[in-house]
file input.cif (mmCIF, C-alpha atoms (C1' of nucleotides))
data_query
#
loop_
_atom_site.label_atom_id
_atom_site.label_comp_id
_atom_site.auth_asym_id
_atom_site.auth_seq_id
_atom_site.Cartn_x
_atom_site.Cartn_y
_atom_site.Cartn_z
CA MET A 1 -91.55 21.53 99.81
CA ALA A 2 -91.04 24.64 97.81
CA ARG A 3 -87.37 24.41 98.60
CA ALA A 4 -87.26 20.73 97.75
CA MET A 5 -88.84 21.36 94.38
CA GLU A 6 -86.46 24.19 93.74
CA VAL A 7 -83.61 21.72 93.97
CA ILE A 8 -84.95 18.66 92.21
CA GLY A 9 -88.06 19.99 90.53
CA ASP A 10 -87.08 20.20 86.93
CA ARG A 11 -87.25 17.80 84.09
CA TRP A 12 -83.55 16.92 84.06
CA THR A 13 -82.36 16.89 87.63
CA ILE A 14 -84.62 14.06 88.65
CA LEU A 15 -83.44 12.00 85.70
CA VAL A 16 -79.84 12.61 86.62
CA LEU A 17 -80.65 11.50 90.12
CA ARG A 18 -82.33 8.43 88.81
CA GLU A 19 -79.24 7.42 86.89
CA ALA A 20 -77.20 8.00 90.02
CA TYR A 21 -79.44 5.54 91.84
CA TYR A 22 -78.87 3.14 89.02
CA GLY A 23 -75.16 3.42 89.66
CA VAL A 24 -74.05 5.94 87.08
CA THR A 25 -71.17 8.18 88.10
CA ARG A 26 -69.53 9.61 85.00
CA PHE A 27 -70.35 12.68 82.99
CA ASP A 28 -70.64 10.96 79.66
CA GLU A 29 -72.77 8.18 81.11
CA PHE A 30 -75.22 10.68 82.48
CA GLU A 31 -75.13 12.48 79.19
CA TYR A 32 -75.95 9.34 77.30
CA TYR A 33 -78.51 7.73 79.56
CA VAL A 34 -80.35 10.91 80.38
CA GLY A 35 -80.12 12.09 76.80
CA VAL A 36 -79.33 15.65 77.67
CA ALA A 37 -77.12 18.28 76.09
CA PRO A 38 -73.74 18.62 77.79
CA ASN A 39 -74.26 22.24 78.79
CA ILE A 40 -77.49 21.40 80.56
CA LEU A 41 -75.95 18.40 82.22
CA SER A 42 -73.00 20.43 83.38
CA ASN A 43 -75.37 22.95 84.88
CA ARG A 44 -77.49 20.34 86.66
CA LEU A 45 -74.53 18.47 88.07
CA LYS A 46 -73.18 21.72 89.38
CA LYS A 47 -76.48 22.50 91.02
CA LEU A 48 -76.63 19.05 92.56
CA VAL A 49 -73.11 19.45 93.90
CA ASP A 50 -73.91 22.91 95.23
CA ALA A 51 -77.01 21.55 96.89
CA GLY A 52 -74.90 18.91 98.61
CA ILE A 53 -76.71 16.07 96.90
CA MET A 54 -73.72 14.83 94.93
CA LYS A 55 -70.02 15.36 95.17
CA ARG A 56 -67.39 15.51 92.51
CA MET A 57 -64.53 13.12 93.19
CA PRO A 58 -61.30 13.25 91.20
CA LEU A 59 -60.80 9.86 89.65
CA GLN A 60 -57.02 9.91 89.73
CA GLU A 61 -54.46 12.57 90.21
CA HIS A 62 -54.48 14.98 87.27
CA SER A 63 -56.49 12.72 85.03
CA GLY A 64 -59.03 15.47 84.56
CA ARG A 65 -61.72 12.92 85.15
CA TYR A 66 -64.28 12.88 87.85
CA ASP A 67 -66.89 10.71 89.43
CA TYR A 68 -70.16 12.20 90.53
CA VAL A 69 -71.31 10.31 93.57
CA LEU A 70 -74.25 10.71 95.87
CA THR A 71 -73.76 12.21 99.29
CA GLU A 72 -75.76 11.10 102.27
CA LYS A 73 -78.25 13.84 101.52
CA GLY A 74 -78.57 12.45 98.04
CA ARG A 75 -78.91 8.87 99.18
CA ASP A 76 -81.45 9.98 101.72
CA PHE A 77 -83.60 11.22 98.90
CA PHE A 78 -84.00 7.66 97.66
CA PRO A 79 -87.21 6.96 99.60
CA ALA A 80 -88.82 10.02 98.09
CA TYR A 81 -87.61 8.97 94.68
CA LEU A 82 -89.02 5.53 95.22
CA ALA A 83 -92.37 6.87 96.37
CA LEU A 84 -92.54 9.05 93.29
CA LYS A 85 -91.61 6.14 91.07
CA LYS A 86 -94.21 3.94 92.67
CA TRP A 87 -96.91 6.50 92.02
CA GLY A 88 -95.75 6.85 88.46
CA ASP A 89 -95.66 3.09 87.99
CA ASP A 90 -99.11 2.74 89.48
CA TRP A 91 -100.81 5.54 87.59
CA LEU A 92 -98.81 6.53 84.57
CA ALA A 93 -96.91 3.50 83.39
CA GLU A 94 -97.25 1.63 80.17
CA PRO A 95 -99.36 -1.51 80.42
CA GLU A 96 -96.22 -3.66 80.23
CA GLY A 97 -95.14 -2.47 83.62
CA PRO A 98 -92.14 -0.58 84.86
CA GLN A 99 -88.88 -0.74 82.98
CA VAL A 100 -86.79 -0.91 86.07
CA VAL A 101 -87.28 -2.45 89.46
CA PHE A 102 -85.24 -2.02 92.61
CA ARG A 103 -84.54 -5.25 94.37
CA ASP A 104 -83.35 -5.96 97.86
CA ARG A 105 -80.03 -7.63 97.23
CA LYS A 106 -80.31 -10.02 100.13
CA ALA A 107 -83.98 -10.79 100.11
CA GLY A 108 -84.12 -11.01 96.35
CA ARG A 109 -87.50 -9.32 96.34
CA ALA A 110 -88.53 -6.09 94.76
CA ILE A 111 -88.52 -3.12 97.08
CA THR A 112 -91.79 -1.33 97.25
CA TYR A 113 -92.78 1.40 99.53
CA PRO A 114 -94.71 0.24 102.58
CA LYS A 115 -98.28 1.47 102.81
CA LEU A 116 -98.93 4.24 105.25
CA LEU A 117 -101.12 2.94 108.02
CA ASN A 118 -103.45 4.80 110.30
CA ALA A 119 -103.76 4.32 114.04
CA SER A 120 -105.97 1.29 113.52
CA GLY A 121 -103.49 -0.41 111.25
CA LYS A 122 -105.58 0.15 108.15
CA PRO A 123 -104.26 1.90 105.08
CA LEU A 124 -104.08 5.57 105.85
CA ARG A 125 -106.61 7.69 104.04
CA LEU A 126 -106.42 11.41 103.62
CA GLU A 127 -109.49 11.67 105.83
CA ASP A 128 -107.47 10.23 108.70
CA VAL A 129 -105.08 13.11 108.47
CA GLU A 130 -105.28 16.52 110.00
CA VAL A 131 -103.04 19.43 109.29
CA ILE A 132 -101.53 21.25 112.22
CA ALA A 133 -98.98 23.97 112.69
CA GLY A 134 -95.42 22.78 113.05
CA SER A 135 -92.73 24.27 115.22
CA GLY A 136 -91.61 26.55 112.43
CA ALA A 137 -95.04 28.00 111.68
CA VAL A 138 -94.80 31.65 110.88
CA PRO A 139 -96.94 34.30 112.49
CA PHE A 140 -97.83 36.27 109.43
CA ASN A 141 -101.04 36.73 107.59
CA ARG A 142 -100.68 33.65 105.45
CA ARG A 143 -101.04 31.24 108.34
CA ARG A 144 -104.10 29.18 108.85
CA PHE A 145 -103.35 27.83 112.29
CA GLY A 146 -103.49 29.17 115.78
CA ALA A 147 -100.76 28.72 118.32
CA ALA A 148 -102.17 25.38 119.34
CA GLY A 149 -102.51 24.20 115.80
CA GLU A 150 -106.22 24.79 115.39
CA ALA A 151 -107.47 26.19 112.16
CA VAL A 152 -107.86 29.92 112.06
CA GLU A 153 -109.89 32.00 109.71
CA ALA A 154 -107.19 33.89 107.91
CA ALA A 155 -107.71 37.47 106.97
CA ARG A 156 -107.67 36.78 103.30
CA PRO A 157 -107.26 39.97 101.31
CA SER A 158 -108.93 40.39 97.97
CA ARG A 159 -106.82 40.13 94.86
CA ARG A 160 -106.70 43.86 94.66
CA GLU A 161 -105.56 44.47 98.23
CA ARG A 162 -102.97 41.78 97.87
CA LYS A 163 -101.13 43.75 95.22
CA MET B 1 -90.56 8.99 86.59
CA ALA B 2 -90.17 11.19 83.59
CA ARG B 3 -93.92 11.04 83.17
CA ALA B 4 -94.54 11.72 86.83
CA MET B 5 -92.34 14.77 86.72
CA GLU B 6 -94.05 15.96 83.59
CA VAL B 7 -97.29 16.12 85.55
CA ILE B 8 -96.20 17.48 88.91
CA GLY B 9 -92.67 18.66 88.23
CA ASP B 10 -92.98 22.39 88.18
CA ARG B 11 -92.77 25.02 90.81
CA TRP B 12 -96.51 25.67 91.03
CA THR B 13 -98.26 22.37 90.59
CA ILE B 14 -96.76 20.82 93.68
CA LEU B 15 -97.77 23.83 95.74
CA VAL B 16 -101.32 23.60 94.46
CA LEU B 17 -101.32 19.96 95.41
CA ARG B 18 -100.00 20.79 98.82
CA GLU B 19 -102.86 23.18 99.43
CA ALA B 20 -105.25 20.50 98.29
CA TYR B 21 -103.82 18.18 100.94
CA TYR B 22 -104.34 20.95 103.44
CA GLY B 23 -107.99 20.98 102.48
CA VAL B 24 -108.19 23.84 100.03
CA THR B 25 -110.76 23.45 97.28
CA ARG B 26 -111.59 26.86 95.84
CA PHE B 27 -109.91 28.85 93.12
CA ASP B 28 -109.36 31.98 95.12
CA GLU B 29 -108.04 30.05 98.09
CA PHE B 30 -105.45 28.39 95.93
CA GLU B 31 -104.65 31.72 94.41
CA TYR B 32 -104.10 33.28 97.77
CA TYR B 33 -102.28 30.54 99.59
CA VAL B 34 -100.08 29.55 96.72
CA GLY B 35 -99.49 33.16 95.81
CA VAL B 36 -99.78 32.62 92.09
CA ALA B 37 -101.19 34.70 89.29
CA PRO B 38 -104.68 33.64 88.25
CA ASN B 39 -103.72 32.77 84.70
CA ILE B 40 -101.02 30.41 85.90
CA LEU B 41 -103.33 28.88 88.47
CA SER B 42 -106.03 28.38 85.89
CA ASN B 43 -103.53 26.60 83.70
CA ARG B 44 -102.23 24.35 86.46
CA LEU B 45 -105.67 23.40 87.70
CA LYS B 46 -106.61 22.52 84.17
CA LYS B 47 -103.56 20.34 83.84
CA LEU B 48 -104.27 18.63 87.13
CA VAL B 49 -107.83 17.96 86.04
CA ASP B 50 -106.67 16.67 82.67
CA ALA B 51 -104.18 14.43 84.39
CA GLY B 52 -106.97 12.98 86.50
CA ILE B 53 -105.45 14.20 89.73
CA MET B 54 -108.23 16.60 90.59
CA LYS B 55 -111.78 17.05 89.46
CA ARG B 56 -113.85 20.13 89.07
CA MET B 57 -117.15 19.86 90.88
CA PRO B 58 -119.95 22.38 90.37
CA LEU B 59 -120.78 23.81 93.75
CA GLN B 60 -124.45 24.39 93.06
CA GLU B 61 -126.54 24.48 89.98
CA HIS B 62 -125.57 27.47 87.83
CA SER B 63 -123.69 29.24 90.55
CA GLY B 64 -120.65 29.41 88.33
CA ARG B 65 -118.57 28.25 91.24
CA TYR B 66 -116.57 25.13 91.51
CA ASP B 67 -114.67 23.03 93.96
CA TYR B 68 -111.44 21.45 92.94
CA VAL B 69 -111.15 18.16 94.76
CA LEU B 70 -108.61 15.40 94.67
CA THR B 71 -109.39 12.19 92.84
CA GLU B 72 -108.14 8.85 94.05
CA LYS B 73 -105.13 9.27 91.83
CA GLY B 74 -104.46 12.57 93.50
CA ARG B 75 -104.98 11.24 96.99
CA ASP B 76 -102.74 8.33 96.13
CA PHE B 77 -99.95 10.78 95.51
CA PHE B 78 -99.99 11.76 99.15
CA PRO B 79 -97.33 9.26 100.23
CA ALA B 80 -94.98 10.60 97.60
CA TYR B 81 -95.77 14.12 98.70
CA LEU B 82 -95.09 13.18 102.28
CA ALA B 83 -91.79 11.52 101.42
CA LEU B 84 -90.74 14.63 99.54
CA LYS B 85 -91.79 16.83 102.42
CA LYS B 86 -89.91 14.70 104.89
CA TRP B 87 -86.73 14.98 102.87
CA GLY B 88 -87.21 18.69 102.60
CA ASP B 89 -87.88 19.00 106.31
CA ASP B 90 -84.83 16.91 107.12
CA TRP B 91 -82.39 18.59 104.81
CA LEU B 92 -83.65 21.96 103.72
CA ALA B 93 -85.83 23.31 106.48
CA GLU B 94 -85.29 26.34 108.61
CA PRO B 95 -83.82 25.57 112.01
CA GLU B 96 -87.19 26.22 113.65
CA GLY B 97 -88.61 23.15 112.05
CA PRO B 98 -91.41 22.53 109.58
CA GLN B 99 -94.28 24.96 109.34
CA VAL B 100 -96.85 22.28 108.93
CA VAL B 101 -97.22 18.79 110.28
CA PHE B 102 -99.67 16.08 109.29
CA ARG B 103 -101.20 14.32 112.21
CA ASP B 104 -103.07 11.07 112.46
CA ARG B 105 -106.50 12.20 113.60
CA LYS B 106 -107.13 9.19 115.78
CA ALA B 107 -103.69 8.54 117.14
CA GLY B 108 -102.96 12.22 117.65
CA ARG B 109 -99.40 11.68 116.55
CA ALA B 110 -97.55 13.20 113.67
CA ILE B 111 -97.43 11.06 110.57
CA THR B 112 -93.95 10.42 109.34
CA TYR B 113 -92.88 8.14 106.67
CA PRO B 114 -91.74 4.74 107.90
CA LYS B 115 -88.10 3.93 107.24
CA LEU B 116 -87.39 1.54 104.44
CA LEU B 117 -85.94 -1.63 105.89
CA ASN B 118 -83.72 -4.19 104.28
CA ALA B 119 -84.12 -7.94 104.52
CA SER B 120 -82.42 -7.96 107.91
CA GLY B 121 -84.76 -5.38 109.35
CA LYS B 122 -82.11 -2.65 109.35
CA PRO B 123 -82.59 0.67 107.63
CA LEU B 124 -82.25 0.09 103.93
CA ARG B 125 -79.12 1.54 102.40
CA LEU B 126 -78.58 2.15 98.75
CA GLU B 127 -75.94 -0.56 98.85
CA ASP B 128 -78.62 -3.08 99.72
CA VAL B 129 -80.39 -2.32 96.52
CA GLU B 130 -79.84 -3.70 93.08
CA VAL B 131 -81.36 -2.47 89.90
CA ILE B 132 -82.99 -5.00 87.64
CA ALA B 133 -85.04 -4.89 84.51
CA GLY B 134 -88.76 -4.67 85.04
CA SER B 135 -91.47 -6.28 82.97
CA GLY B 136 -91.69 -3.24 80.75
CA ALA B 137 -87.98 -3.03 79.95
CA VAL B 138 -87.45 -2.07 76.38
CA PRO B 139 -85.13 -3.95 74.07
CA PHE B 140 -83.38 -1.01 72.51
CA ASN B 141 -79.88 0.23 72.75
CA ARG B 142 -80.39 2.23 75.85
CA ARG B 143 -80.98 -0.76 78.06
CA ARG B 144 -78.44 -1.83 80.59
CA PHE B 145 -79.94 -5.14 81.55
CA GLY B 146 -80.08 -8.58 80.06
CA ALA B 147 -83.18 -10.65 79.88
CA ALA B 148 -82.57 -11.97 83.38
CA GLY B 149 -81.97 -8.55 84.79
CA GLU B 150 -78.18 -8.71 84.92
CA ALA B 151 -76.21 -5.66 83.93
CA VAL B 152 -75.13 -5.51 80.35
CA GLU B 153 -72.41 -3.45 78.81
CA ALA B 154 -74.42 -1.15 76.61
CA ALA B 155 -73.09 -0.13 73.26
CA ARG B 156 -72.64 3.46 74.17
CA PRO B 157 -72.13 5.61 71.12
CA SER B 158 -69.90 8.64 71.22
CA ARG B 159 -71.51 12.05 71.30
CA ARG B 160 -70.86 12.40 67.63
CA GLU B 161 -72.44 9.11 66.58
CA ARG B 162 -75.41 9.83 68.75
CA LYS B 163 -76.36 12.86 66.71
"C1'" DC C 1 -116.14 35.64 92.73
"C1'" DA C 2 -114.02 32.78 89.12
"C1'" DG C 3 -111.76 32.74 85.93
"C1'" DT C 4 -109.84 34.19 80.68
"C1'" DA C 5 -107.05 37.13 77.55
"C1'" DT C 6 -103.17 39.91 76.49
"C1'" DC C 7 -98.62 41.73 76.69
"C1'" DC C 8 -93.95 41.75 77.66
"C1'" DC C 9 -89.93 39.83 79.43
"C1'" DA C 10 -86.55 36.52 81.31
"C1'" DA C 11 -85.05 32.03 81.81
"C1'" DG C 12 -84.06 27.73 79.92
"C1'" DC C 13 -83.52 24.62 76.01
"C1'" DG C 14 -81.30 22.35 72.09
"C1'" DA C 15 -77.61 22.41 68.84
"C1'" DT C 16 -73.24 22.96 68.03
"C1'" DA C 17 -68.56 24.61 68.23
"C1'" DC C 18 -64.69 24.84 70.95
"C1'" DT C 19 -60.83 23.76 74.66
"C1'" DG C 20 -57.50 21.18 77.71
"C1'" DC D 1 -63.05 12.31 77.34
"C1'" DA D 2 -65.00 16.10 80.08
"C1'" DG D 3 -66.62 19.69 80.00
"C1'" DT D 4 -67.41 25.29 78.67
"C1'" DA D 5 -69.10 28.95 75.48
"C1'" DT D 6 -72.20 30.83 72.32
"C1'" DC D 7 -76.58 31.43 69.94
"C1'" DG D 8 -81.06 31.64 68.38
"C1'" DC D 9 -85.54 30.26 69.88
"C1'" DT D 10 -89.43 28.80 72.49
"C1'" DT D 11 -91.72 28.36 76.71
"C1'" DG D 12 -93.44 29.94 80.68
"C1'" DG D 13 -93.89 33.71 84.17
"C1'" DG D 14 -95.69 38.20 86.25
"C1'" DA D 15 -98.75 41.98 85.85
"C1'" DT D 16 -102.85 43.46 84.74
"C1'" DA D 17 -107.15 44.24 82.29
"C1'" DC D 18 -111.31 42.22 81.21
"C1'" DT D 19 -115.85 39.22 81.32
"C1'" DG D 20 -120.07 36.62 83.08
#
call {"tool": "encode", "arguments": {"input": "input.cif", "output": "structure tokens"}}
result
Amino acid sequence: MARAMEVIGDRWTILVLREAYYGVTRFDEFEYYVGVAPNILSNRLKKLVDAGIMKRMPLQEHSGRYDYVLTEKGRDFFPAYLALKKWGDDWLAEPEGPQVVFRDRKAGRAITYPKLLNASGKPLRLEDVEVIAGSGAVPFNRRRFGAAGEAVEAARPSRRERK
Amino acid sequence: MARAMEVIGDRWTILVLREAYYGVTRFDEFEYYVGVAPNILSNRLKKLVDAGIMKRMPLQEHSGRYDYVLTEKGRDFFPAYLALKKWGDDWLAEPEGPQVVFRDRKAGRAITYPKLLNASGKPLRLEDVEVIAGSGAVPFNRRRFGAAGEAVEAARPSRRERK
DNA sequence: CAGTATCCCAAGCGATACTG
DNA sequence: CAGTATCGCTTGGGATACTG
């Protein structure tokens, strides 16, 4: 998560990504639709390319023009984007409703994220969830889980000891 | 989206939220697990409370101690958090795998986000998706959609005209 | 413990000018 | 058009000291 936010967790990157999902590919289109200064945009596109989320495709030979297109990694972020958008639409939107809707081209219906369901087929509540250690859990003093995933009372140093 | 990112889109807030999903409620626990300076944490918790994502509950009368607990709005963000985490686990994680897994308490199985499916029941691809205007679409020069949702060639001013 | 206040510094932003 | 370079300026961060 920390890593994910490092990549997409700033005000501009997510908006660039949004435009990409809307079909935008060109520098000046991003610049216009996102409403960002060119230096910032340049920086963000570079970061997205470095992160493997977009790639920079020469438009023609020697035209000096490029398309910025999503990679698989970038397209694979779409569900997360959609989940974020749904939450925003549900809790933060203007009363008129969302400005943009994604529609399934074939079905002709809006795409919404399916509800998470618990084992009984009811909407999943946070109370249905338990947190366990994953395979990459680290054996240092920050952990809160034993080898089997059970909660462990961490040795939690005071602010002072922590340095 | 812009609004959503304004609320949760910084390096610390999402980590605070993560700890909340892990069951953390107390100031010093957040401070320790997130590894953040107390002034920053204070600020973020305040923002989360203001945004209606968490509430501050007095622990006892006059103890001067509080629990920070998720509101429904905050709990409703969990799917988005999970989608983000999944993307991060899939694309950015260490080879050992994720450090933490959410498990369905009853089913005893890890919760993962269901795949988005298109109208034919296959995994949804970005190509299956079209972008249309939502009910809140605004009739100003930034729009790219006609009244019926079809794409419209926007009058895109040059950088200069844009000011 | 549960924060708040202060200080200093670095990073990022917006505007704009410039280049091929 | 498609960027890069430069420049003040503000915001936010880390460290730490302080208070009830």
call {"tool": "residues_around", "arguments": {"input": "input.cif", "residues": "DG13 of chain D", "least_positions_apart": "2", "cutoff": "9 Å", "atoms": "all atoms listed in the file", "output": "short mmCIF file (atom, residue, chain, number, x, y, z; two decimals) with C-alpha atoms (C1' of nucleotides), in the coordinates of the input"}}
result
data_model
loop_
_atom_site.label_atom_id
_atom_site.label_comp_id
_atom_site.auth_asym_id
_atom_site.auth_seq_id
_atom_site.Cartn_x
_atom_site.Cartn_y
_atom_site.Cartn_z
CA ALA B 37 -101.19 34.70 89.29
CA ILE B 40 -101.02 30.41 85.90
"C1'" DC C 9 -89.93 39.83 79.43
"C1'" DA C 10 -86.55 36.52 81.31
#
call {"tool": "closest_residue", "arguments": {"input": "input.cif", "among": "D:DG20, D:DG14, D:DG8, D:DG3", "to": "chain A", "atoms": "all atoms listed in the file"}}
result
D:DG3
call {"tool": "calpha_fit_and_write", "arguments": {"input": "input.cif", "fixed": "chain A", "moving": "chain B", "output": "short mmCIF file (atom, residue, chain, number, x, y, z; two decimals) with C-alpha atoms, in the coordinates of the input"}}
result
data_model
loop_
_atom_site.label_atom_id
_atom_site.label_comp_id
_atom_site.auth_asym_id
_atom_site.auth_seq_id
_atom_site.Cartn_x
_atom_site.Cartn_y
_atom_site.Cartn_z
CA MET B 1 -91.50 21.59 99.80
CA ALA B 2 -90.98 24.71 97.80
CA ARG B 3 -87.30 24.44 98.60
CA ALA B 4 -87.20 20.77 97.76
CA MET B 5 -88.78 21.41 94.40
CA GLU B 6 -86.38 24.23 93.75
CA VAL B 7 -83.54 21.73 93.98
CA ILE B 8 -84.93 18.69 92.21
CA GLY B 9 -88.03 20.05 90.52
CA ASP B 10 -87.07 20.21 86.90
CA ARG B 11 -87.25 17.78 84.08
CA TRP B 12 -83.55 16.93 84.04
CA THR B 13 -82.35 16.90 87.61
CA ILE B 14 -84.60 14.06 88.65
CA LEU B 15 -83.44 11.99 85.70
CA VAL B 16 -79.82 12.60 86.61
CA LEU B 17 -80.62 11.50 90.12
CA ARG B 18 -82.33 8.42 88.83
CA GLU B 19 -79.24 7.42 86.90
CA ALA B 20 -77.20 7.99 90.02
CA TYR B 21 -79.44 5.54 91.86
CA TYR B 22 -78.87 3.11 89.03
CA GLY B 23 -75.16 3.40 89.68
CA VAL B 24 -74.06 5.91 87.08
CA THR B 25 -71.17 8.13 88.10
CA ARG B 26 -69.52 9.55 84.99
CA PHE B 27 -70.34 12.62 82.97
CA ASP B 28 -70.66 10.90 79.64
CA GLU B 29 -72.78 8.13 81.10
CA PHE B 30 -75.22 10.64 82.47
CA GLU B 31 -75.16 12.43 79.18
CA TYR B 32 -75.98 9.29 77.30
CA TYR B 33 -78.54 7.71 79.55
CA VAL B 34 -80.36 10.87 80.38
CA GLY B 35 -80.15 12.04 76.81
CA VAL B 36 -79.33 15.62 77.67
CA ALA B 37 -77.13 18.21 76.07
CA PRO B 38 -73.75 18.56 77.76
CA ASN B 39 -74.24 22.18 78.73
CA ILE B 40 -77.47 21.38 80.51
CA LEU B 41 -75.94 18.37 82.20
CA SER B 42 -72.97 20.40 83.34
CA ASN B 43 -75.34 22.92 84.84
CA ARG B 44 -77.46 20.33 86.63
CA LEU B 45 -74.50 18.46 88.04
CA LYS B 46 -73.15 21.72 89.33
CA LYS B 47 -76.43 22.49 90.99
CA LEU B 48 -76.60 19.05 92.54
CA VAL B 49 -73.08 19.45 93.87
CA ASP B 50 -73.86 22.91 95.20
CA ALA B 51 -76.96 21.56 96.86
CA GLY B 52 -74.86 18.92 98.59
CA ILE B 53 -76.67 16.08 96.89
CA MET B 54 -73.70 14.84 94.93
CA LYS B 55 -69.98 15.34 95.16
CA ARG B 56 -67.37 15.49 92.50
CA MET B 57 -64.52 13.11 93.17
CA PRO B 58 -61.28 13.23 91.19
CA LEU B 59 -60.79 9.82 89.66
CA GLN B 60 -57.01 9.87 89.75
CA GLU B 61 -54.45 12.53 90.24
CA HIS B 62 -54.50 14.95 87.30
CA SER B 63 -56.48 12.70 85.05
CA GLY B 64 -59.02 15.43 84.55
CA ARG B 65 -61.73 12.89 85.13
CA TYR B 66 -64.26 12.84 87.84
CA ASP B 67 -66.89 10.67 89.41
CA TYR B 68 -70.13 12.18 90.51
CA VAL B 69 -71.29 10.30 93.56
CA LEU B 70 -74.23 10.71 95.86
CA THR B 71 -73.72 12.22 99.28
CA GLU B 72 -75.73 11.10 102.27
CA LYS B 73 -78.20 13.84 101.53
CA GLY B 74 -78.55 12.47 98.05
CA ARG B 75 -78.87 8.89 99.18
CA ASP B 76 -81.41 10.00 101.73
CA PHE B 77 -83.58 11.22 98.91
CA PHE B 78 -83.98 7.69 97.68
CA PRO B 79 -87.18 6.99 99.62
CA ALA B 80 -88.78 10.05 98.11
CA TYR B 81 -87.58 8.99 94.70
CA LEU B 82 -89.01 5.55 95.24
CA ALA B 83 -92.36 6.91 96.39
CA LEU B 84 -92.51 9.09 93.30
CA LYS B 85 -91.60 6.17 91.09
CA LYS B 86 -94.21 3.98 92.69
CA TRP B 87 -96.90 6.55 92.04
CA GLY B 88 -95.74 6.90 88.50
CA ASP B 89 -95.66 3.15 88.02
CA ASP B 90 -99.12 2.80 89.51
CA TRP B 91 -100.81 5.59 87.63
CA LEU B 92 -98.81 6.59 84.61
CA ALA B 93 -96.92 3.55 83.43
CA GLU B 94 -97.27 1.69 80.20
CA PRO B 95 -99.41 -1.42 80.46
CA GLU B 96 -96.30 -3.61 80.25
CA GLY B 97 -95.19 -2.43 83.62
CA PRO B 98 -92.17 -0.53 84.88
CA GLN B 99 -88.92 -0.70 82.98
CA VAL B 100 -86.83 -0.88 86.07
CA VAL B 101 -87.31 -2.43 89.46
CA PHE B 102 -85.24 -2.02 92.61
CA ARG B 103 -84.56 -5.25 94.37
CA ASP B 104 -83.36 -5.98 97.85
CA ARG B 105 -80.02 -7.66 97.22
CA LYS B 106 -80.31 -10.05 100.12
CA ALA B 107 -83.99 -10.80 100.09
CA GLY B 108 -84.14 -11.01 96.31
CA ARG B 109 -87.50 -9.31 96.34
CA ALA B 110 -88.54 -6.08 94.76
CA ILE B 111 -88.51 -3.11 97.08
CA THR B 112 -91.79 -1.31 97.23
CA TYR B 113 -92.78 1.40 99.50
CA PRO B 114 -94.69 0.24 102.56
CA LYS B 115 -98.25 1.50 102.80
CA LEU B 116 -98.89 4.27 105.25
CA LEU B 117 -101.10 2.96 108.02
CA ASN B 118 -103.43 4.82 110.29
CA ALA B 119 -103.74 4.35 114.03
CA SER B 120 -105.96 1.32 113.51
CA GLY B 121 -103.48 -0.40 111.25
CA LYS B 122 -105.57 0.20 108.13
CA PRO B 123 -104.23 1.96 105.07
CA LEU B 124 -104.04 5.63 105.87
CA ARG B 125 -106.57 7.76 104.04
CA LEU B 126 -106.37 11.47 103.63
CA GLU B 127 -109.42 11.72 105.85
CA ASP B 128 -107.41 10.27 108.71
CA VAL B 129 -105.02 13.13 108.49
CA GLU B 130 -105.22 16.55 110.02
CA VAL B 131 -102.99 19.46 109.31
CA ILE B 132 -101.47 21.27 112.23
CA ALA B 133 -98.94 23.99 112.70
CA GLY B 134 -95.38 22.81 113.06
CA SER B 135 -92.68 24.28 115.24
CA GLY B 136 -91.56 26.57 112.46
CA ALA B 137 -94.99 28.03 111.70
CA VAL B 138 -94.73 31.67 110.94
CA PRO B 139 -96.93 34.27 112.59
CA PHE B 140 -97.84 36.25 109.52
CA ASN B 141 -101.06 36.70 107.71
CA ARG B 142 -100.74 33.66 105.59
CA ARG B 143 -101.06 31.24 108.46
CA ARG B 144 -104.14 29.16 108.90
CA PHE B 145 -103.43 27.80 112.33
CA GLY B 146 -103.65 29.08 115.85
CA ALA B 147 -100.97 28.60 118.41
CA ALA B 148 -102.39 25.21 119.34
CA GLY B 149 -102.60 24.09 115.77
CA GLU B 150 -106.33 24.64 115.30
CA ALA B 151 -107.54 26.10 112.05
CA VAL B 152 -107.96 29.82 111.99
CA GLU B 153 -109.97 31.92 109.64
CA ALA B 154 -107.25 33.82 107.87
CA ALA B 155 -107.80 37.40 106.91
CA ARG B 156 -107.76 36.75 103.23
CA PRO B 157 -107.36 39.94 101.27
CA SER B 158 -109.01 40.38 97.91
CA ARG B 159 -106.86 40.17 94.82
CA ARG B 160 -106.81 43.91 94.64
CA GLU B 161 -105.68 44.51 98.22
CA ARG B 162 -103.04 41.87 97.84
CA LYS B 163 -101.24 43.85 95.17
#
call {"tool": "closest_atom_pairs", "arguments": {"input": "input.cif", "of": "segment 79-133 of chain B", "to": "segment 49-70 of chain A", "cutoff": "12 Å", "atoms": "all atoms listed in the file", "output": "JSON lines"}}
result
{"residue": "B:Trp87", "atom": "CA", "partner": "A:Ile53", "partner_atom": "CA", "distance": 11.7}
{"residue": "B:Trp91", "atom": "CA", "partner": "A:Gly52", "partner_atom": "CA", "distance": 9.7}
{"residue": "B:Leu92", "atom": "CA", "partner": "A:Ala51", "partner_atom": "CA", "distance": 9.5}
{"residue": "B:Leu126", "atom": "CA", "partner": "A:Leu70", "partner_atom": "CA", "distance": 10.0}
{"residue": "B:Glu127", "atom": "CA", "partner": "A:Leu70", "partner_atom": "CA", "distance": 11.8}
call {"tool": "interface_residues", "arguments": {"input": "input.cif", "of": "chain A", "to": "chain D", "cutoff": "8 Å", "atoms": "all atoms listed in the file", "output": "list in words"}}
result
Phe27, Asp28, Pro38, Asn39, Ser42, Gly64 and Arg65 of chain A
call {"tool": "atom_distance", "arguments": {"input": "input.cif", "atom1": "atom CA of Gly136 of chain B", "atom2": "atom CA of Ala80 of chain B"}}
result
22.1 Å
